[in-house]
file final_38.tsv (TSV, N, CA and C atoms)
chain	number	residue	atom	x	y	z
A	562	MET	N	-6.35	9.83	24.41
A	562	MET	CA	-6.48	10.99	23.56
A	562	MET	C	-5.56	10.87	22.35
A	563	ARG	N	-4.32	10.43	22.58
A	563	ARG	CA	-3.36	10.28	21.48
A	563	ARG	C	-3.86	9.25	20.48
A	564	TRP	N	-4.43	8.14	20.99
A	564	TRP	CA	-4.97	7.08	20.14
A	564	TRP	C	-6.11	7.63	19.29
A	565	GLN	N	-6.99	8.44	19.89
A	565	GLN	CA	-8.11	9.01	19.14
A	565	GLN	C	-7.62	9.91	18.02
A	566	ARG	N	-6.62	10.71	18.28
A	566	ARG	CA	-6.06	11.59	17.25
A	566	ARG	C	-5.47	10.75	16.12
A	567	ALA	N	-4.78	9.67	16.47
A	567	ALA	CA	-4.21	8.80	15.44
A	567	ALA	C	-5.32	8.18	14.60
A	568	MET	N	-6.42	7.79	15.22
A	568	MET	CA	-7.55	7.22	14.47
A	568	MET	C	-8.14	8.24	13.50
A	569	VAL	N	-8.29	9.47	13.95
A	569	VAL	CA	-8.83	10.52	13.08
A	569	VAL	C	-7.92	10.72	11.88
A	570	VAL	N	-6.62	10.75	12.11
A	570	VAL	CA	-5.67	10.92	11.02
A	570	VAL	C	-5.78	9.74	10.05
A	571	ALA	N	-5.86	8.52	10.60
A	571	ALA	CA	-5.97	7.33	9.75
A	571	ALA	C	-7.25	7.37	8.92
A	572	VAL	N	-8.35	7.77	9.53
A	572	VAL	CA	-9.62	7.85	8.80
A	572	VAL	C	-9.55	8.91	7.70
A	573	LEU	N	-8.95	10.04	8.01
A	573	LEU	CA	-8.82	11.09	7.00
A	573	LEU	C	-7.94	10.64	5.85
A	574	TRP	N	-6.82	9.96	6.14
A	574	TRP	CA	-5.96	9.46	5.07
A	574	TRP	C	-6.71	8.42	4.25
A	575	GLY	N	-7.51	7.59	4.92
A	575	GLY	CA	-8.31	6.60	4.20
A	575	GLY	C	-9.29	7.27	3.25
A	576	ALA	N	-9.89	8.37	3.70
A	576	ALA	CA	-10.82	9.10	2.84
A	576	ALA	C	-10.10	9.71	1.64
A	577	VAL	N	-8.90	10.23	1.88
A	577	VAL	CA	-8.11	10.79	0.78
A	577	VAL	C	-7.76	9.70	-0.21
A	578	ALA	N	-7.32	8.55	0.31
A	578	ALA	CA	-6.94	7.44	-0.56
A	578	ALA	C	-8.14	6.96	-1.37
A	579	THR	N	-9.31	6.87	-0.72
A	579	THR	CA	-10.51	6.44	-1.42
A	579	THR	C	-10.87	7.43	-2.52
A	580	ALA	N	-10.78	8.72	-2.21
A	580	ALA	CA	-11.09	9.74	-3.21
A	580	ALA	C	-10.14	9.66	-4.38
A	581	GLU	N	-8.85	9.45	-4.10
A	581	GLU	CA	-7.87	9.36	-5.18
A	581	GLU	C	-8.13	8.13	-6.03
A	582	LEU	N	-8.45	7.00	-5.38
A	582	LEU	CA	-8.70	5.78	-6.13
A	582	LEU	C	-9.97	5.90	-6.97
A	583	ALA	N	-10.91	6.71	-6.50
A	583	ALA	CA	-12.15	6.92	-7.23
A	583	ALA	C	-12.00	7.97	-8.32
A	584	GLY	N	-10.84	8.62	-8.36
A	584	GLY	CA	-10.58	9.61	-9.40
A	584	GLY	C	-10.94	11.02	-9.00
A	585	CYS	N	-11.22	11.26	-7.72
A	585	CYS	CA	-11.56	12.60	-7.26
A	585	CYS	C	-10.29	13.39	-7.01
A	586	GLY	N	-10.40	14.66	-6.97
A	586	GLY	CA	-9.28	15.50	-6.59
A	586	GLY	C	-8.25	15.72	-7.68
A	587	GLY	N	-8.54	15.34	-8.89
A	587	GLY	CA	-7.62	15.61	-9.98
A	587	GLY	C	-6.45	14.65	-10.00
A	588	ALA	N	-6.52	13.62	-10.77
A	588	ALA	CA	-5.46	12.62	-10.84
A	588	ALA	C	-4.15	13.28	-11.21
A	589	GLY	N	-3.15	12.99	-10.41
A	589	GLY	CA	-1.81	13.50	-10.68
A	589	GLY	C	-1.63	14.95	-10.33
A	590	SER	N	-2.62	15.56	-9.67
A	590	SER	CA	-2.50	16.98	-9.38
A	590	SER	C	-1.61	17.27	-8.19
A	591	ARG	N	-1.32	16.24	-7.39
A	591	ARG	CA	-0.45	16.42	-6.25
A	591	ARG	C	0.71	15.45	-6.36
A	592	ALA	N	1.81	15.80	-5.71
A	592	ALA	CA	2.95	14.88	-5.69
A	592	ALA	C	2.52	13.57	-5.07
A	593	GLY	N	2.88	12.47	-5.70
A	593	GLY	CA	2.55	11.16	-5.17
A	593	GLY	C	1.16	10.70	-5.54
A	594	GLY	N	0.43	11.48	-6.30
A	594	GLY	CA	-0.91	11.09	-6.72
A	594	GLY	C	-0.82	10.05	-7.81
A	595	PRO	N	-1.95	9.67	-8.36
A	595	PRO	CA	-1.94	8.66	-9.41
A	595	PRO	C	-1.08	9.10	-10.59
A	596	THR	N	-0.39	8.15	-11.16
A	596	THR	CA	0.48	8.43	-12.29
A	596	THR	C	0.07	7.57	-13.47
A	597	PRO	N	0.19	8.08	-14.68
A	597	PRO	CA	-0.21	7.27	-15.83
A	597	PRO	C	0.77	6.13	-16.06
A	598	ASP	N	0.24	4.95	-16.41
A	598	ASP	CA	1.11	3.85	-16.77
A	598	ASP	C	1.33	3.88	-18.27
A	599	ALA	N	1.98	2.86	-18.81
A	599	ALA	CA	2.33	2.86	-20.23
A	599	ALA	C	1.12	2.97	-21.14
A	600	GLY	N	-0.04	2.50	-20.69
A	600	GLY	CA	-1.24	2.56	-21.52
A	600	GLY	C	-2.04	3.83	-21.33
A	601	GLY	N	-1.51	4.77	-20.53
A	601	GLY	CA	-2.21	6.02	-20.30
A	601	GLY	C	-3.28	5.90	-19.23
A	602	VAL	N	-3.41	4.73	-18.61
A	602	VAL	CA	-4.39	4.53	-17.54
A	602	VAL	C	-3.76	5.01	-16.25
A	603	HIS	N	-4.55	5.68	-15.41
A	603	HIS	CA	-4.02	6.17	-14.14
A	603	HIS	C	-4.04	5.06	-13.12
A	604	SER	N	-2.91	4.88	-12.44
A	604	SER	CA	-2.82	3.88	-11.38
A	604	SER	C	-2.34	4.58	-10.11
A	605	PRO	N	-2.71	4.04	-8.94
A	605	PRO	CA	-2.31	4.68	-7.69
A	605	PRO	C	-0.80	4.67	-7.52
A	606	GLY	N	-0.27	5.76	-7.01
A	606	GLY	CA	1.17	5.86	-6.79
A	606	GLY	C	1.56	5.40	-5.40
A	607	PRO	N	2.85	5.43	-5.10
A	607	PRO	CA	3.34	4.95	-3.82
A	607	PRO	C	2.74	5.63	-2.60
A	608	VAL	N	2.34	6.91	-2.69
A	608	VAL	CA	1.76	7.56	-1.52
A	608	VAL	C	0.47	6.87	-1.11
A	609	THR	N	-0.38	6.53	-2.04
A	609	THR	CA	-1.60	5.81	-1.72
A	609	THR	C	-1.27	4.46	-1.11
A	610	GLY	N	-0.29	3.77	-1.66
A	610	GLY	CA	0.14	2.50	-1.10
A	610	GLY	C	0.65	2.66	0.32
A	611	MET	N	1.37	3.74	0.57
A	611	MET	CA	1.86	4.00	1.92
A	611	MET	C	0.70	4.20	2.88
A	612	GLN	N	-0.35	4.87	2.42
A	612	GLN	CA	-1.50	5.11	3.28
A	612	GLN	C	-2.23	3.81	3.59
A	613	VAL	N	-2.43	2.97	2.60
A	613	VAL	CA	-3.08	1.68	2.83
A	613	VAL	C	-2.19	0.82	3.71
A	614	PHE	N	-0.90	0.83	3.45
A	614	PHE	CA	0.06	0.07	4.25
A	614	PHE	C	-0.03	0.48	5.72
A	615	ALA	N	-0.08	1.79	5.97
A	615	ALA	CA	-0.10	2.29	7.35
A	615	ALA	C	-1.31	1.79	8.13
A	616	THR	N	-2.44	1.66	7.46
A	616	THR	CA	-3.65	1.25	8.17
A	616	THR	C	-3.88	-0.25	8.14
A	617	THR	N	-3.37	-0.94	7.14
A	617	THR	CA	-3.68	-2.36	6.96
A	617	THR	C	-2.52	-3.29	7.26
A	618	CYS	N	-1.31	-2.90	6.90
A	618	CYS	CA	-0.15	-3.80	6.95
A	618	CYS	C	0.78	-3.54	8.13
A	619	ALA	N	0.89	-2.28	8.53
A	619	ALA	CA	1.84	-1.89	9.58
A	619	ALA	C	1.63	-2.63	10.90
A	620	PRO	N	0.40	-2.98	11.30
A	620	PRO	CA	0.27	-3.69	12.57
A	620	PRO	C	1.10	-4.98	12.63
A	621	CYS	N	1.28	-5.64	11.52
A	621	CYS	CA	2.09	-6.87	11.50
A	621	CYS	C	3.50	-6.67	10.97
A	622	HIS	N	3.67	-5.76	10.02
A	622	HIS	CA	4.97	-5.60	9.35
A	622	HIS	C	5.75	-4.38	9.82
A	623	GLY	N	5.21	-3.60	10.75
A	623	GLY	CA	5.89	-2.41	11.27
A	623	GLY	C	5.64	-1.19	10.41
A	624	ASN	N	5.76	-0.03	11.02
A	624	ASN	CA	5.47	1.24	10.33
A	624	ASN	C	6.34	1.48	9.11
A	625	GLN	N	7.58	0.99	9.14
A	625	GLN	CA	8.51	1.18	8.03
A	625	GLN	C	8.75	-0.13	7.28
A	626	GLY	N	7.90	-1.14	7.52
A	626	GLY	CA	8.09	-2.43	6.89
A	626	GLY	C	9.24	-3.22	7.47
A	627	GLN	N	9.69	-2.84	8.66
A	627	GLN	CA	10.86	-3.46	9.28
A	627	GLN	C	10.58	-4.83	9.86
A	628	GLY	N	9.31	-5.22	9.94
A	628	GLY	CA	8.95	-6.51	10.49
A	628	GLY	C	8.69	-6.43	11.99
A	629	THR	N	7.89	-7.35	12.48
A	629	THR	CA	7.57	-7.46	13.91
A	629	THR	C	7.50	-8.94	14.24
A	630	ALA	N	7.13	-9.23	15.46
A	630	ALA	CA	6.95	-10.63	15.85
A	630	ALA	C	5.79	-11.26	15.08
A	631	ASN	N	4.89	-10.43	14.54
A	631	ASN	CA	3.71	-10.93	13.83
A	631	ASN	C	3.86	-11.01	12.32
A	632	GLY	N	4.91	-10.41	11.77
A	632	GLY	CA	5.08	-10.41	10.32
A	632	GLY	C	6.51	-10.10	9.93
A	633	PRO	N	6.96	-10.67	8.81
A	633	PRO	CA	8.35	-10.47	8.39
A	633	PRO	C	8.64	-9.07	7.86
A	634	SER	N	9.91	-8.75	7.81
A	634	SER	CA	10.35	-7.49	7.23
A	634	SER	C	10.05	-7.48	5.74
A	635	LEU	N	9.58	-6.35	5.26
A	635	LEU	CA	9.32	-6.17	3.84
A	635	LEU	C	10.32	-5.20	3.22
A	636	ALA	N	11.10	-4.55	4.07
A	636	ALA	CA	12.09	-3.56	3.60
A	636	ALA	C	13.42	-4.26	3.38
A	637	THR	N	13.39	-5.28	2.53
A	637	THR	CA	14.58	-6.06	2.25
A	637	THR	C	14.54	-6.57	0.81
A	638	ALA	N	15.70	-6.73	0.23
A	638	ALA	CA	15.79	-7.23	-1.15
A	638	ALA	C	15.24	-8.64	-1.28
A	639	ALA	N	15.11	-9.36	-0.16
A	639	ALA	CA	14.58	-10.72	-0.19
A	639	ALA	C	13.15	-10.75	-0.74
A	640	VAL	N	12.41	-9.69	-0.55
A	640	VAL	CA	11.04	-9.62	-1.09
A	640	VAL	C	11.09	-9.65	-2.61
A	641	ARG	N	11.96	-8.85	-3.19
A	641	ARG	CA	12.09	-8.83	-4.66
A	641	ARG	C	12.61	-10.17	-5.18
A	642	ALA	N	13.52	-10.78	-4.44
A	642	ALA	CA	14.06	-12.07	-4.86
A	642	ALA	C	12.97	-13.15	-4.80
A	643	ARG	N	12.14	-13.12	-3.78
A	643	ARG	CA	11.10	-14.14	-3.62
A	643	ARG	C	10.03	-14.05	-4.70
A	644	PHE	N	9.58	-12.82	-5.00
A	644	PHE	CA	8.46	-12.65	-5.93
A	644	PHE	C	8.91	-12.42	-7.38
A	645	GLY	N	10.06	-11.83	-7.58
A	645	GLY	CA	10.59	-11.65	-8.92
A	645	GLY	C	10.01	-10.49	-9.70
A	646	SER	N	8.77	-10.12	-9.41
A	646	SER	CA	8.16	-8.97	-10.10
A	646	SER	C	7.11	-8.36	-9.19
A	647	GLU	N	6.85	-7.08	-9.44
A	647	GLU	CA	5.82	-6.39	-8.67
A	647	GLU	C	4.45	-7.00	-8.92
A	648	ALA	N	4.21	-7.48	-10.14
A	648	ALA	CA	2.92	-8.09	-10.47
A	648	ALA	C	2.68	-9.36	-9.65
A	649	LYS	N	3.71	-10.15	-9.45
A	649	LYS	CA	3.55	-11.37	-8.64
A	649	LYS	C	3.35	-11.03	-7.17
A	650	LEU	N	4.03	-9.99	-6.70
A	650	LEU	CA	3.82	-9.52	-5.34
A	650	LEU	C	2.38	-9.04	-5.18
A	651	GLU	N	1.89	-8.29	-6.16
A	651	GLU	CA	0.52	-7.79	-6.13
A	651	GLU	C	-0.48	-8.94	-6.05
A	652	GLU	N	-0.26	-9.97	-6.83
A	652	GLU	CA	-1.14	-11.14	-6.82
A	652	GLU	C	-1.15	-11.80	-5.44
A	653	PHE	N	0.03	-11.95	-4.85
A	653	PHE	CA	0.13	-12.53	-3.51
A	653	PHE	C	-0.63	-11.70	-2.50
A	654	ILE	N	-0.41	-10.39	-2.52
A	654	ILE	CA	-1.08	-9.49	-1.58
A	654	ILE	C	-2.59	-9.56	-1.77
A	655	ALA	N	-3.05	-9.53	-3.01
A	655	ALA	CA	-4.48	-9.54	-3.30
A	655	ALA	C	-5.17	-10.79	-2.74
A	656	HIS	N	-4.49	-11.92	-2.80
A	656	HIS	CA	-5.12	-13.18	-2.37
A	656	HIS	C	-4.85	-13.55	-0.92
A	657	ASN	N	-3.77	-13.05	-0.33
A	657	ASN	CA	-3.34	-13.55	0.97
A	657	ASN	C	-3.28	-12.52	2.09
A	658	MET	N	-3.40	-11.26	1.78
A	658	MET	CA	-3.23	-10.22	2.79
A	658	MET	C	-4.49	-9.39	2.94
A	659	PRO	N	-4.71	-8.82	4.10
A	659	PRO	CA	-3.98	-9.05	5.33
A	659	PRO	C	-4.26	-10.45	5.88
A	660	ALA	N	-3.34	-10.97	6.67
A	660	ALA	CA	-3.47	-12.33	7.18
A	660	ALA	C	-4.75	-12.50	7.99
A	661	SER	N	-5.21	-11.43	8.63
A	661	SER	CA	-6.43	-11.50	9.45
A	661	SER	C	-7.71	-11.51	8.61
A	662	ASN	N	-7.60	-11.15	7.32
A	662	ASN	CA	-8.77	-11.10	6.44
A	662	ASN	C	-8.30	-11.22	4.99
A	663	PRO	N	-7.76	-12.38	4.62
A	663	PRO	CA	-7.18	-12.55	3.27
A	663	PRO	C	-8.15	-12.21	2.15
A	664	GLY	N	-7.62	-11.51	1.14
A	664	GLY	CA	-8.42	-11.15	-0.03
A	664	GLY	C	-9.37	-10.00	0.17
A	665	SER	N	-9.26	-9.30	1.30
A	665	SER	CA	-10.21	-8.21	1.58
A	665	SER	C	-9.83	-6.88	0.94
A	666	LEU	N	-8.60	-6.75	0.43
A	666	LEU	CA	-8.20	-5.51	-0.23
A	666	LEU	C	-8.83	-5.44	-1.61
A	667	SER	N	-9.19	-4.24	-2.01
A	667	SER	CA	-9.69	-4.06	-3.37
A	667	SER	C	-8.51	-4.26	-4.34
A	668	PRO	N	-8.79	-4.51	-5.61
A	668	PRO	CA	-7.68	-4.62	-6.57
A	668	PRO	C	-6.79	-3.37	-6.58
A	669	ALA	N	-7.40	-2.19	-6.48
A	669	ALA	CA	-6.61	-0.95	-6.47
A	669	ALA	C	-5.75	-0.86	-5.22
A	670	GLN	N	-6.27	-1.29	-4.06
A	670	GLN	CA	-5.49	-1.27	-2.84
A	670	GLN	C	-4.32	-2.25	-2.92
A	671	ALA	N	-4.57	-3.45	-3.44
A	671	ALA	CA	-3.52	-4.45	-3.58
A	671	ALA	C	-2.42	-3.93	-4.51
A	672	GLN	N	-2.81	-3.27	-5.58
A	672	GLN	CA	-1.82	-2.71	-6.52
A	672	GLN	C	-1.02	-1.61	-5.85
A	673	ALA	N	-1.69	-0.74	-5.10
A	673	ALA	CA	-1.01	0.37	-4.45
A	673	ALA	C	-0.04	-0.13	-3.38
A	674	VAL	N	-0.47	-1.10	-2.59
A	674	VAL	CA	0.39	-1.65	-1.54
A	674	VAL	C	1.58	-2.36	-2.17
A	675	SER	N	1.36	-3.12	-3.23
A	675	SER	CA	2.48	-3.82	-3.86
A	675	SER	C	3.50	-2.82	-4.41
A	676	ALA	N	3.04	-1.71	-4.98
A	676	ALA	CA	3.97	-0.68	-5.47
A	676	ALA	C	4.79	-0.10	-4.33
A	677	TYR	N	4.13	0.14	-3.21
A	677	TYR	CA	4.82	0.69	-2.04
A	677	TYR	C	5.82	-0.31	-1.47
A	678	VAL	N	5.40	-1.56	-1.32
A	678	VAL	CA	6.29	-2.59	-0.76
A	678	VAL	C	7.46	-2.84	-1.71
A	679	TRP	N	7.19	-2.84	-3.01
A	679	TRP	CA	8.27	-3.04	-3.99
A	679	TRP	C	9.30	-1.92	-3.85
A	680	GLN	N	8.82	-0.72	-3.60
A	680	GLN	CA	9.71	0.41	-3.40
A	680	GLN	C	10.51	0.23	-2.10
A	681	LEU	N	9.85	-0.20	-1.03
A	681	LEU	CA	10.55	-0.45	0.24
A	681	LEU	C	11.65	-1.50	0.06
A	682	ALA	N	11.32	-2.55	-0.67
A	682	ALA	CA	12.26	-3.66	-0.86
A	682	ALA	C	13.47	-3.28	-1.70
A	683	GLY	N	13.35	-2.20	-2.46
A	683	GLY	CA	14.45	-1.77	-3.31
A	683	GLY	C	15.40	-0.80	-2.67
A	684	ARG	N	15.11	-0.40	-1.46
A	684	ARG	CA	15.97	0.59	-0.77
A	684	ARG	C	17.25	-0.02	-0.31
call {"tool": "encode", "arguments": {"input": "final_38.tsv", "output": "structure tokens"}}
result
Amino acid sequence: MRWQRAMVVAVLWGAVATAELAGCGGAGSRAGGPTPDAGGVHSPGPVTGMQVFATTCAPCHGNQGQGTANGPSLATAAVRARFGSEAKLEEFIAHNMPASNPGSLSPAQAQAVSAYVWQLAGR
């Protein structure tokens, strides 16, 4: 029963994330929603990245990015040192993650996850 409830929550968050990425619900109307970048284009914010991370990355990297036996910790400055920029991290994620299905994330999902992971690595 607990597992089913968790699945429903994950599906609902996925629907919210999809709606936000598609531009539904008023961009930037909620805290953590899409934020304008320097060119005035709306890009997904860390909350969307957190949602994608929770459903796609957490099984290997842990709920807080702390790492597991299946994947390294992402909540460490070593991530920033290895990639040097969020753009390079995004490129890596887009082509290599998740390990079980590399390259399966949409460009928007890869960007959102990289923003979230970059934030985790800076704590």
call {"tool": "closest_residue", "arguments": {"input": "final_38.tsv", "among": "A:Pro620, A:Val674, A:Gly626, A:Ala639", "to": "Ile654 (chain A)", "atoms": "only N, CA and C atoms"}}
result
A:Val674
call {"tool": "closest_residue", "arguments": {"input": "final_38.tsv", "among": "A:Gly664, A:Pro659, A:Pro633, A:Gly645", "to": "Thr617 (chain A)", "atoms": "only N, CA and C atoms"}}
result
A:Pro659
call {"tool": "atom_distance", "arguments": {"input": "final_38.tsv", "atom1": "atom N of Ala619 (chain A)", "atom2": "CA of Gly683 (chain A)"}}
result
18.0 Å
call {"tool": "atom_distance", "arguments": {"input": "final_38.tsv", "atom1": "atom C of Thr637 (chain A)", "atom2": "CA of Val678 (chain A)"}}
result
9.3 Å
call {"tool": "atom_distance", "arguments": {"input": "final_38.tsv", "atom1": "CA of Gln625 (chain A)", "atom2": "CA of Ala648 (chain A)"}}
result
21.4 Å
call {"tool": "closest_residue", "arguments": {"input": "final_38.tsv", "among": "A:Ala642, A:Glu651, A:Thr629, A:Leu635", "to": "Ala673 (chain A)", "atoms": "only C-alpha atoms"}}
result
A:Glu651
call {"tool": "residues_near_point", "arguments": {"input": "final_38.tsv", "point": "(8.3, -1.9, 8.5)", "cutoff": "6.5 Å", "atoms": "all atoms listed in the file", "output": "list in words"}}
result
His622, Gly623, Asn624, Gln625, Gly626, Gln627, Gly628, Ser634, Leu635 and Ala636 of chain A
call {"tool": "closest_residue", "arguments": {"input": "final_38.tsv", "among": "A:Ser675, A:Ala669, A:Ser661, A:Asn631", "to": "Lys649 (chain A)", "atoms": "all atoms listed in the file"}}
result
A:Ser675
